[in-house]
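Worksheet for the structure shown next.
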Amino acid sequence: MVSKNQKKLIKSLYQKKYRKQHGLFVVEGKKVIRELLAADLKLHSLFTLETGIFDVSAALECRVTEEELKQISFLTTPQVALAVFCIPEIKKTNSKGLILALDDVRDPGNLGTIIRLCDWFGIEDLVCSLQTVDCYNPKVIQATMGSITRVNISYVNLKNYLTLETPNSRIFGTFMNGNSIYTEKLPKDAIVIMGNEANGISEDIENLIKDRVTIPQFGSDQKTESLNVATATAIVLSEFRRS
């Protein structure tokens with residue numbers, strides 16, 4: 001049975017301030033929960049319709065009814081299990097290799113997909129501006145499908161990070177009027193910046209970028225204004241890895 005205090009705690013984790021306050025986040029679904037357990041993330045509590053399907057301490061596992069699971073789930077159609085994990089400590093960002101930076105990406109689905117792309121393309125470090133959606137938002141976690149365990153994600157003052165922490169790095173930014181990414185010579189070590197869904201890269205960050213690239217449009221009608229940021233990220237990372 002789920003206690004009132006447990007329900008209150010889980011529901012509070014919808015909000016970033018309470019995730020930060022408690023150092024906890026929520027995960028739903030067998031696949032994602034197993035991914036996080038395999039990555040040795042610390043489990044706080046587990047609520048499941050079927051006991052024994054996860055290799056966890058019985059003290060942390062609580063069998064619930066479908067109705068109880070609906071009451072604590074963030075999903076319209078709850079899955080078999082819901083788990084609460086401790087937010088892990090942030091690791092120091094590498095100074096070498098390909099680093100992806102996000103400037104004010106707000107949509108949880110986009111961020112979740114971008115985290116999966118980082119995992120796919122072997123991007124170890126994802127640097128997010130302070131305005132970017134929280135990676136422990138339940139919708140982000142769901143969209144990552146477990147990839148969040150294999151990408152080091154940090155939230156920083158992006159301008160300070162680019163000017164003070166990585167002053168010698170080559171910085172690429174995606175714009176509508178940049179050089180074609182298909183013809184540009186792309187280095188192995190670089191920081192690639194993707195901007196906000198509606199406004200692109202902010203002016204403060206744009207002023208720090210010397211290498212402007214674009215994904216050229218081939219459609220004859222030319223009515224599409226831009227690509228979805230997650231789609232654009234997939235193309236950009238693919239080109240960097242191909243070069």
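Chain labels run A, B, ... following the order of the structure tokens; each chain numbers its residues from 1, and ligands are numbered from 1 in the order shown.
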Taking only C-alpha atoms into account, produce a table as a tab-separated table in which each residue of stretch 27-145 of chain A with an atom at most 7 Å from an atom of stretch 156-164 of chain A appears once, together with its shortest atom pair and the distance in Å to one decimal, ordered by chain and rising number.
```
residue	atom	partner	partner_atom	distance
A:Cys128	CA	A:Val156	CA	6.2
A:Ser129	CA	A:Leu158	CA	5.1
A:Leu130	CA	A:Val156	CA	5.6
```
Residues from the last selection, N, CA, C and O atoms, saved as an mmCIF file, in the first residue's frame:
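Final output, saved to out-v4.cif:
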```
data_model
loop_
_atom_site.group_PDB
_atom_site.id
_atom_site.type_symbol
_atom_site.label_atom_id
_atom_site.label_comp_id
_atom_site.auth_asym_id
_atom_site.auth_seq_id
_atom_site.Cartn_x
_atom_site.Cartn_y
_atom_site.Cartn_z
ATOM 1 N N CYS A 128 24.197 22.115 -20.650
ATOM 2 C CA CYS A 128 22.929 22.820 -20.827
ATOM 3 C C CYS A 128 22.965 24.191 -20.151
ATOM 4 O O CYS A 128 23.509 24.329 -19.045
ATOM 5 N N SER A 129 22.363 25.182 -20.795
ATOM 6 C CA SER A 129 22.204 26.481 -20.153
ATOM 7 C C SER A 129 21.248 26.328 -18.976
ATOM 8 O O SER A 129 20.471 25.367 -18.896
ATOM 9 N N LEU A 130 21.289 27.274 -18.066
ATOM 10 C CA LEU A 130 20.444 27.204 -16.865
ATOM 11 C C LEU A 130 18.958 27.280 -17.216
ATOM 12 O O LEU A 130 18.111 26.864 -16.421
#
```
Long-range neighbours of A:Asn94 as an mmCIF file with C-alpha atoms, in the first residue's frame, 12 Å cut-off, only C-alpha atoms, 6 positions minimum in chain:
```
data_model
loop_
_atom_site.group_PDB
_atom_site.id
_atom_site.type_symbol
_atom_site.label_atom_id
_atom_site.label_comp_id
_atom_site.auth_asym_id
_atom_site.auth_seq_id
_atom_site.Cartn_x
_atom_site.Cartn_y
_atom_site.Cartn_z
ATOM 1 C CA LEU A 100 27.172 19.321 -27.276
ATOM 2 C CA ILE A 123 28.866 12.257 -27.001
ATOM 3 C CA GLU A 124 29.947 11.912 -23.376
ATOM 4 C CA ASP A 125 29.178 15.479 -22.257
ATOM 5 C CA LEU A 126 25.978 17.449 -22.738
ATOM 6 C CA VAL A 127 26.226 21.001 -21.386
ATOM 7 C CA VAL A 151 25.563 10.835 -20.828
ATOM 8 C CA ASN A 152 27.142 13.318 -18.399
ATOM 9 C CA ILE A 153 24.703 16.250 -18.217
ATOM 10 C CA SER A 154 25.592 19.525 -16.545
ATOM 11 C CA GLU A 165 36.152 27.164 -18.767
ATOM 12 C CA THR A 166 36.771 26.370 -22.432
ATOM 13 C CA SER A 169 37.832 25.413 -27.780
ATOM 14 C CA ASP A 189 37.441 18.358 -30.805
ATOM 15 C CA ALA A 190 34.763 21.046 -30.693
ATOM 16 C CA ILE A 191 31.755 22.469 -28.879
#
```
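Minimum atom-to-atom distance to A:Leu13, evaluated using only C-alpha atoms, belongs to A:Asp134 out of A:Asp134, A:Glu225, A:Asp204, A:Glu68.
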Could you give me, as JSON lines, every stretch 129-166 of chain A residue with an atom at most 6 Å from stretch 105-121 of chain A, plus its closest atom pair and distance in Å to one decimal, counting only C-alpha atoms, rows ordered by chain then number?
```
{"residue": "A:Thr132", "atom": "CA", "partner": "A:Val105", "partner_atom": "CA", "distance": 4.8}
{"residue": "A:Val133", "atom": "CA", "partner": "A:Arg106", "partner_atom": "CA", "distance": 4.9}
{"residue": "A:Lys139", "atom": "CA", "partner": "A:Pro108", "partner_atom": "CA", "distance": 5.7}
{"residue": "A:Val140", "atom": "CA", "partner": "A:Gly112", "partner_atom": "CA", "distance": 4.5}
{"residue": "A:Ala143", "atom": "CA", "partner": "A:Gly112", "partner_atom": "CA", "distance": 4.6}
{"residue": "A:Thr144", "atom": "CA", "partner": "A:Gly112", "partner_atom": "CA", "distance": 4.5}
{"residue": "A:Ser147", "atom": "CA", "partner": "A:Arg116", "partner_atom": "CA", "distance": 5.3}
```
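Using only C-alpha atoms, the smallest distance between any of A:Val32, A:Ile87, A:Val2, A:Leu102 and A:Leu69 comes from A:Val2.
Proximity of A:Thr233, A:Ser226, A:Phe240, A:Arg170 to A:Leu208, computed with only C-alpha atoms, is greatest for A:Arg170.
For the atom pair formed by atom CA of A:Leu98 and atom CA of A:Arg19, the distance is 29.4 Å, given to one decimal.
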For A:Cys62, work out the shell of residues within 7 Å, counting only C-alpha atoms and skipping chain neighbours fewer than 4 positions away, then give it as a ChimeraX atom specification. /A:46-48
So, counting only C-alpha atoms, which residue among A:Arg63, A:Lys11, A:Arg212, A:His22 is closest to A:Lys185? A:Arg212
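As for atom CA of A:Gly97 and atom CA of A:Leu237, they are spaced 12.5 Å apart.
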Please provide the set of residues having any atom within 12 Å of A:Lys70, restricted to only C-alpha atoms, with same-chain residues fewer than 3 positions apart removed, written as a PyMOL selection string. chain A and resi 2+7+11+28+47-49+64-67+73-82
What separation in Å, quoted to one decimal, exists between atom CA of A:Cys135 and atom CA of A:His44? 18.4 Å
Would you please extract all alpha helix (DSSP H) residues from stretch 69-199 of chain A, as assigned by DSSP on the backbone, and give them as an mmCIF file with N, CA, C and O atoms, in the first residue's frame?
```cif
data_model
loop_
_atom_site.group_PDB
_atom_site.id
_atom_site.type_symbol
_atom_site.label_atom_id
_atom_site.label_comp_id
_atom_site.auth_asym_id
_atom_site.auth_seq_id
_atom_site.Cartn_x
_atom_site.Cartn_y
_atom_site.Cartn_z
ATOM 1 N N LEU A 69 -1.281 2.640 -8.564
ATOM 2 C CA LEU A 69 -0.270 3.047 -9.533
ATOM 3 C C LEU A 69 -0.760 4.244 -10.354
ATOM 4 O O LEU A 69 0.009 5.168 -10.638
ATOM 5 N N LYS A 70 -2.039 4.240 -10.696
ATOM 6 C CA LYS A 70 -2.628 5.379 -11.419
ATOM 7 C C LYS A 70 -2.532 6.664 -10.597
ATOM 8 O O LYS A 70 -2.331 7.740 -11.143
ATOM 9 N N GLN A 71 -2.683 6.527 -9.293
ATOM 10 C CA GLN A 71 -2.675 7.705 -8.419
ATOM 11 C C GLN A 71 -1.301 8.363 -8.321
ATOM 12 O O GLN A 71 -1.202 9.559 -8.056
ATOM 13 N N ILE A 72 -0.246 7.599 -8.537
ATOM 14 C CA ILE A 72 1.103 8.167 -8.415
ATOM 15 C C ILE A 72 1.807 8.332 -9.761
ATOM 16 O O ILE A 72 2.852 8.971 -9.846
ATOM 17 N N PRO A 108 10.579 19.097 -23.201
ATOM 18 C CA PRO A 108 11.102 17.864 -22.596
ATOM 19 C C PRO A 108 11.350 16.747 -23.601
ATOM 20 O O PRO A 108 12.340 16.020 -23.503
ATOM 21 N N GLY A 109 10.454 16.624 -24.578
ATOM 22 C CA GLY A 109 10.630 15.584 -25.582
ATOM 23 C C GLY A 109 11.877 15.811 -26.416
ATOM 24 O O GLY A 109 12.595 14.869 -26.747
ATOM 25 N N ASN A 110 12.136 17.069 -26.754
ATOM 26 C CA ASN A 110 13.346 17.396 -27.515
ATOM 27 C C ASN A 110 14.599 17.056 -26.714
ATOM 28 O O ASN A 110 15.537 16.454 -27.239
ATOM 29 N N LEU A 111 14.615 17.449 -25.438
ATOM 30 C CA LEU A 111 15.799 17.166 -24.624
ATOM 31 C C LEU A 111 16.001 15.662 -24.477
ATOM 32 O O LEU A 111 17.130 15.163 -24.592
ATOM 33 N N GLY A 112 14.921 14.926 -24.222
ATOM 34 C CA GLY A 112 15.047 13.471 -24.089
ATOM 35 C C GLY A 112 15.614 12.832 -25.340
ATOM 36 O O GLY A 112 16.493 11.960 -25.279
ATOM 37 N N THR A 113 15.138 13.286 -26.507
ATOM 38 C CA THR A 113 15.641 12.761 -27.775
ATOM 39 C C THR A 113 17.102 13.134 -27.982
ATOM 40 O O THR A 113 17.909 12.316 -28.452
ATOM 41 N N ILE A 114 17.474 14.355 -27.621
ATOM 42 C CA ILE A 114 18.861 14.804 -27.769
ATOM 43 C C ILE A 114 19.793 13.978 -26.876
ATOM 44 O O ILE A 114 20.907 13.631 -27.272
ATOM 45 N N ILE A 115 19.332 13.643 -25.677
ATOM 46 C CA ILE A 115 20.145 12.787 -24.790
ATOM 47 C C ILE A 115 20.350 11.410 -25.428
ATOM 48 O O ILE A 115 21.456 10.853 -25.399
ATOM 49 N N ARG A 116 19.320 10.877 -26.052
ATOM 50 C CA ARG A 116 19.443 9.595 -26.757
ATOM 51 C C ARG A 116 20.424 9.708 -27.922
ATOM 52 O O ARG A 116 21.215 8.795 -28.186
ATOM 53 N N LEU A 117 20.384 10.839 -28.613
ATOM 54 C CA LEU A 117 21.309 11.065 -29.726
ATOM 55 C C LEU A 117 22.753 11.143 -29.231
ATOM 56 O O LEU A 117 23.668 10.616 -29.873
ATOM 57 N N CYS A 118 22.951 11.804 -28.093
ATOM 58 C CA CYS A 118 24.299 11.853 -27.513
ATOM 59 C C CYS A 118 24.803 10.446 -27.223
ATOM 60 O O CYS A 118 25.965 10.113 -27.503
ATOM 61 N N ASP A 119 23.950 9.627 -26.669
ATOM 62 C CA ASP A 119 24.297 8.234 -26.374
ATOM 63 C C ASP A 119 24.644 7.494 -27.668
ATOM 64 O O ASP A 119 25.653 6.783 -27.747
ATOM 65 N N TRP A 120 23.848 7.682 -28.697
ATOM 66 C CA TRP A 120 24.038 6.979 -29.980
ATOM 67 C C TRP A 120 25.349 7.388 -30.646
ATOM 68 O O TRP A 120 26.081 6.550 -31.180
ATOM 69 N N PRO A 138 10.076 14.214 -15.581
ATOM 70 C CA PRO A 138 9.591 12.868 -15.936
ATOM 71 C C PRO A 138 9.434 12.639 -17.431
ATOM 72 O O PRO A 138 9.700 11.541 -17.925
ATOM 73 N N LYS A 139 9.013 13.667 -18.176
ATOM 74 C CA LYS A 139 8.839 13.520 -19.628
ATOM 75 C C LYS A 139 10.185 13.364 -20.330
ATOM 76 O O LYS A 139 10.296 12.642 -21.324
ATOM 77 N N VAL A 140 11.201 14.042 -19.819
ATOM 78 C CA VAL A 140 12.543 13.893 -20.381
ATOM 79 C C VAL A 140 13.053 12.478 -20.126
ATOM 80 O O VAL A 140 13.547 11.806 -21.031
ATOM 81 N N ILE A 141 12.925 12.035 -18.884
ATOM 82 C CA ILE A 141 13.386 10.690 -18.510
ATOM 83 C C ILE A 141 12.736 9.641 -19.395
ATOM 84 O O ILE A 141 13.399 8.718 -19.899
ATOM 85 N N GLN A 142 11.422 9.776 -19.619
ATOM 86 C CA GLN A 142 10.697 8.810 -20.440
ATOM 87 C C GLN A 142 11.242 8.795 -21.864
ATOM 88 O O GLN A 142 11.409 7.739 -22.465
ATOM 89 N N ALA A 143 11.531 9.988 -22.387
ATOM 90 C CA ALA A 143 12.002 10.098 -23.775
ATOM 91 C C ALA A 143 13.428 9.590 -23.954
ATOM 92 O O ALA A 143 13.807 9.184 -25.056
ATOM 93 N N THR A 144 14.230 9.581 -22.894
ATOM 94 C CA THR A 144 15.625 9.121 -23.031
ATOM 95 C C THR A 144 15.717 7.604 -23.165
ATOM 96 O O THR A 144 16.734 7.088 -23.657
ATOM 97 N N LEU A 158 26.036 29.358 -19.480
ATOM 98 C CA LEU A 158 26.667 28.950 -20.736
ATOM 99 C C LEU A 158 27.707 29.965 -21.222
ATOM 100 O O LEU A 158 28.764 29.582 -21.730
ATOM 101 N N LYS A 159 27.427 31.230 -21.048
ATOM 102 C CA LYS A 159 28.388 32.260 -21.475
ATOM 103 C C LYS A 159 29.691 32.136 -20.682
ATOM 104 O O LYS A 159 30.795 32.172 -21.259
ATOM 105 N N ASN A 160 29.584 31.966 -19.375
ATOM 106 C CA ASN A 160 30.784 31.796 -18.541
ATOM 107 C C ASN A 160 31.529 30.519 -18.896
ATOM 108 O O ASN A 160 32.766 30.487 -18.921
#
```
Just list the residues in stretch 10-180 of chain A DSSP gives strand (DSSP E) on the backbone, as a PyMOL selection string. chain A and resi 24-28+43-48+61-63+81-86+98-102+125-129+152-156+171-180
Write out, as a PDB file, in the first residue's frame, the residues just selected, with C-alpha atoms.
```
ATOM      1  CA  LEU A  24      15.144  12.541  -6.243  1.00  0.00           C
ATOM      2  CA  PHE A  25      13.450  11.872  -9.571  1.00  0.00           C
ATOM      3  CA  VAL A  26      10.797   9.497 -10.913  1.00  0.00           C
ATOM      4  CA  VAL A  27      11.163   6.769 -13.552  1.00  0.00           C
ATOM      5  CA  GLU A  28       8.374   4.668 -15.058  1.00  0.00           C
ATOM      6  CA  LEU A  43      17.209   3.385  -5.730  1.00  0.00           C
ATOM      7  CA  HIS A  44      15.055   5.213  -3.197  1.00  0.00           C
ATOM      8  CA  SER A  45      11.813   3.242  -3.616  1.00  0.00           C
ATOM      9  CA  LEU A  46       9.995   1.027  -6.100  1.00  0.00           C
ATOM     10  CA  PHE A  47       6.240   0.584  -6.637  1.00  0.00           C
ATOM     11  CA  THR A  48       5.204  -2.325  -8.834  1.00  0.00           C
ATOM     12  CA  GLU A  61       9.940  -2.616  -3.085  1.00  0.00           C
ATOM     13  CA  CYS A  62       6.228  -2.038  -2.566  1.00  0.00           C
ATOM     14  CA  ARG A  63       3.528  -4.016  -4.350  1.00  0.00           C
ATOM     15  CA  ALA A  81       6.230  -0.092 -12.264  1.00  0.00           C
ATOM     16  CA  LEU A  82       7.293   3.318 -10.982  1.00  0.00           C
ATOM     17  CA  ALA A  83      10.600   3.946  -9.238  1.00  0.00           C
ATOM     18  CA  VAL A  84      12.128   6.864  -7.361  1.00  0.00           C
ATOM     19  CA  PHE A  85      15.892   7.251  -7.789  1.00  0.00           C
ATOM     20  CA  CYS A  86      18.480   9.528  -6.201  1.00  0.00           C
ATOM     21  CA  LEU A  98      33.034  16.576 -29.143  1.00  0.00           C
ATOM     22  CA  ILE A  99      30.803  18.386 -26.634  1.00  0.00           C
ATOM     23  CA  LEU A 100      27.172  19.321 -27.276  1.00  0.00           C
ATOM     24  CA  ALA A 101      25.771  22.478 -25.650  1.00  0.00           C
ATOM     25  CA  LEU A 102      22.115  23.505 -25.501  1.00  0.00           C
ATOM     26  CA  ASP A 125      29.178  15.479 -22.257  1.00  0.00           C
ATOM     27  CA  LEU A 126      25.978  17.449 -22.738  1.00  0.00           C
ATOM     28  CA  VAL A 127      26.226  21.001 -21.386  1.00  0.00           C
ATOM     29  CA  CYS A 128      22.929  22.820 -20.827  1.00  0.00           C
ATOM     30  CA  SER A 129      22.204  26.481 -20.153  1.00  0.00           C
ATOM     31  CA  ASN A 152      27.142  13.318 -18.399  1.00  0.00           C
ATOM     32  CA  ILE A 153      24.703  16.250 -18.217  1.00  0.00           C
ATOM     33  CA  SER A 154      25.592  19.525 -16.545  1.00  0.00           C
ATOM     34  CA  TYR A 155      23.766  22.851 -16.144  1.00  0.00           C
ATOM     35  CA  VAL A 156      25.915  25.957 -16.330  1.00  0.00           C
ATOM     36  CA  ILE A 171      32.840  26.697 -31.004  1.00  0.00           C
ATOM     37  CA  PHE A 172      30.301  25.837 -33.703  1.00  0.00           C
ATOM     38  CA  GLY A 173      26.767  27.206 -33.782  1.00  0.00           C
ATOM     39  CA  THR A 174      23.792  26.288 -35.964  1.00  0.00           C
ATOM     40  CA  PHE A 175      22.180  29.141 -37.901  1.00  0.00           C
ATOM     41  CA  MET A 176      19.995  29.618 -40.957  1.00  0.00           C
ATOM     42  CA  ASN A 177      22.760  31.603 -42.683  1.00  0.00           C
ATOM     43  CA  GLY A 178      25.878  29.589 -41.839  1.00  0.00           C
ATOM     44  CA  ASN A 179      28.200  27.546 -44.057  1.00  0.00           C
ATOM     45  CA  SER A 180      26.775  24.244 -45.270  1.00  0.00           C
TER      46      SER A 180
END
```
